[in-house]
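K.L.:
Input: one structure, supplied below.
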Amino acid sequence: MDEIMGSWFKYLVRLLGVAAVVIILVAIFHKNKSSTEVSNITQLATNIANTYTGQTAFTGLTTAIATKLAPPNMVSGATLLNQWGGAVTVTVDANPSQFDIVENGVPSDGCVDMANKATNYVTMTLNGTTYSQANPLDAGTAVTACNSAATQVITYVYGH
């Protein structure tokens with residue numbers, strides 16, 4: 001009986017060890033999604049700005065056009081998707097010398113990383129509040145805003 005219990009205990013310890021490794025790998029992979037998405041939108045914004053160099057407005061810019069300028073891992077047919085499967089849309093801003101990239105369905109932990117790591121935008125709107133160089137987002141506010149719902153919509157405005 002002691003041998004059977006010892007064997008079971010040994011297998012239980014191994015199973016717990018494997019579970020711990022899986023949990024750690026999932027956490028690392030999830031963090032990697034945020035970094036990849038920040039890189040994707042930065043590359044997309046750069047490609048759009050470069051395409052419209054020399055023009056005063058982003059006339060005619062749509063998500064369909066942006067799919068041709070986006071990193072390949074964002075493109076799914078004629079649509080753009082973020083790392084969590086949410087739709088990404090691109091439109092001309094109300095100020096035609098700027099354009100908007102809207103990230104939908106961003107989970108709270110990914111949202112915090114994206115809000116804190118994205119750069120070079122004119123403004124970023126998160127949970128109804130717009131942030132800019134004059135009104136920067138601090139980390140504590142990002143955590144609160146990103147955790148106000150299961151997923152968030154983040155709008156980045158870029159320009160020349």
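By convention in this document, the chains of the structure tokens carry letters A, B, ... by their order, each chain's residues are numbered from 1, and ligands are numbered from 1 in the order they are shown.
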Per DSSP on the backbone, what are the strand (DSSP E) residues of stretch 31-97 of chain A, as a ChimeraX atom specification?
P.N.:
/A:75-76,79-81,87-92
K.L.:
Could those selected residues go to a file with C-alpha atoms, as an mmCIF file, in the first residue's frame?
P.N.:
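Below you can see out23.cif, which holds the result:
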data_model
loop_
_atom_site.group_PDB
_atom_site.id
_atom_site.type_symbol
_atom_site.label_atom_id
_atom_site.label_comp_id
_atom_site.auth_asym_id
_atom_site.auth_seq_id
_atom_site.Cartn_x
_atom_site.Cartn_y
_atom_site.Cartn_z
ATOM 1 C CA VAL A 75 -4.431 40.357 -42.422
ATOM 2 C CA SER A 76 -7.275 37.860 -42.702
ATOM 3 C CA THR A 79 -10.008 42.407 -42.867
ATOM 4 C CA LEU A 80 -7.481 43.282 -40.206
ATOM 5 C CA LEU A 81 -7.419 41.380 -36.923
ATOM 6 C CA ALA A 87 -11.314 43.688 -35.642
ATOM 7 C CA VAL A 88 -8.886 46.491 -36.453
ATOM 8 C CA THR A 89 -10.280 49.338 -38.538
ATOM 9 C CA VAL A 90 -8.501 52.191 -40.261
ATOM 10 C CA THR A 91 -10.233 55.393 -41.340
ATOM 11 C CA VAL A 92 -9.484 59.009 -42.118
#
K.L.:
Apply DSSP to the backbone of this structure and, from chain A, keep only the residues in alpha helix (DSSP H); write these as a VMD selection string.
P.N.:
chain A and resid 2 to 51 63 to 67 108 to 117 139 to 146
K.L.:
Quick one: everything within 9 Å of stretch 151-153 of chain A, counting only C-alpha atoms, minus sequence neighbours fewer than 4 positions away in the same chain. Send it as a list of chain:residue names.
P.N.:
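Once the adjacent positions are removed, what remains is A:Val102, A:Glu103, A:Asn104, A:Gly105, A:Val106, A:Pro107, A:Ser108, A:Cys111, A:Thr125, A:Leu126, A:Asn127, A:Ala145, A:Cys146, A:Asn147.
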K.L.:
Tell me which protein, DNA and RNA residues are within 9 Å of A:Asp113, counting only C-alpha atoms, leaving out same-chain ones fewer than 2 positions away, and put them as a list of chain:residue names.
P.N.:
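What passes the distance filter is A:Lys31, A:Ser34, A:Ser35, A:Val38, A:Ser108, A:Asp109, A:Gly110, A:Cys111, A:Ala115, A:Asn116, A:Lys117, A:Ala118, A:Ala142.
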K.L.:
What separation in Å, quoted to one decimal, exists between atom CA of A:Tyr156 and atom CA of A:Phe99?
P.N.:
8.3 Å
K.L.:
In Å, how far is it from atom CA of A:Ala94 to atom CA of A:Thr53?
P.N.:
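If I compute the distance from atom CA of A:Ala94 to atom CA of A:Thr53, I get 18.9 Å.
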K.L.:
Between atom CA of A:Thr144 and atom CA of A:Val112, what is the distance in Å, rounded to a tenth?
P.N.:
9.0 Å
K.L.:
Check the smallest atom-to-atom distance from each of A:Met114, A:Asp93, A:Ala78, A:Trp84 to A:Ser39 using only C-alpha atoms, then report the winner.
P.N.:
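Checking each of A:Met114, A:Asp93, A:Ala78, A:Trp84 against A:Ser39, counting only C-alpha atoms, the winner is A:Met114.
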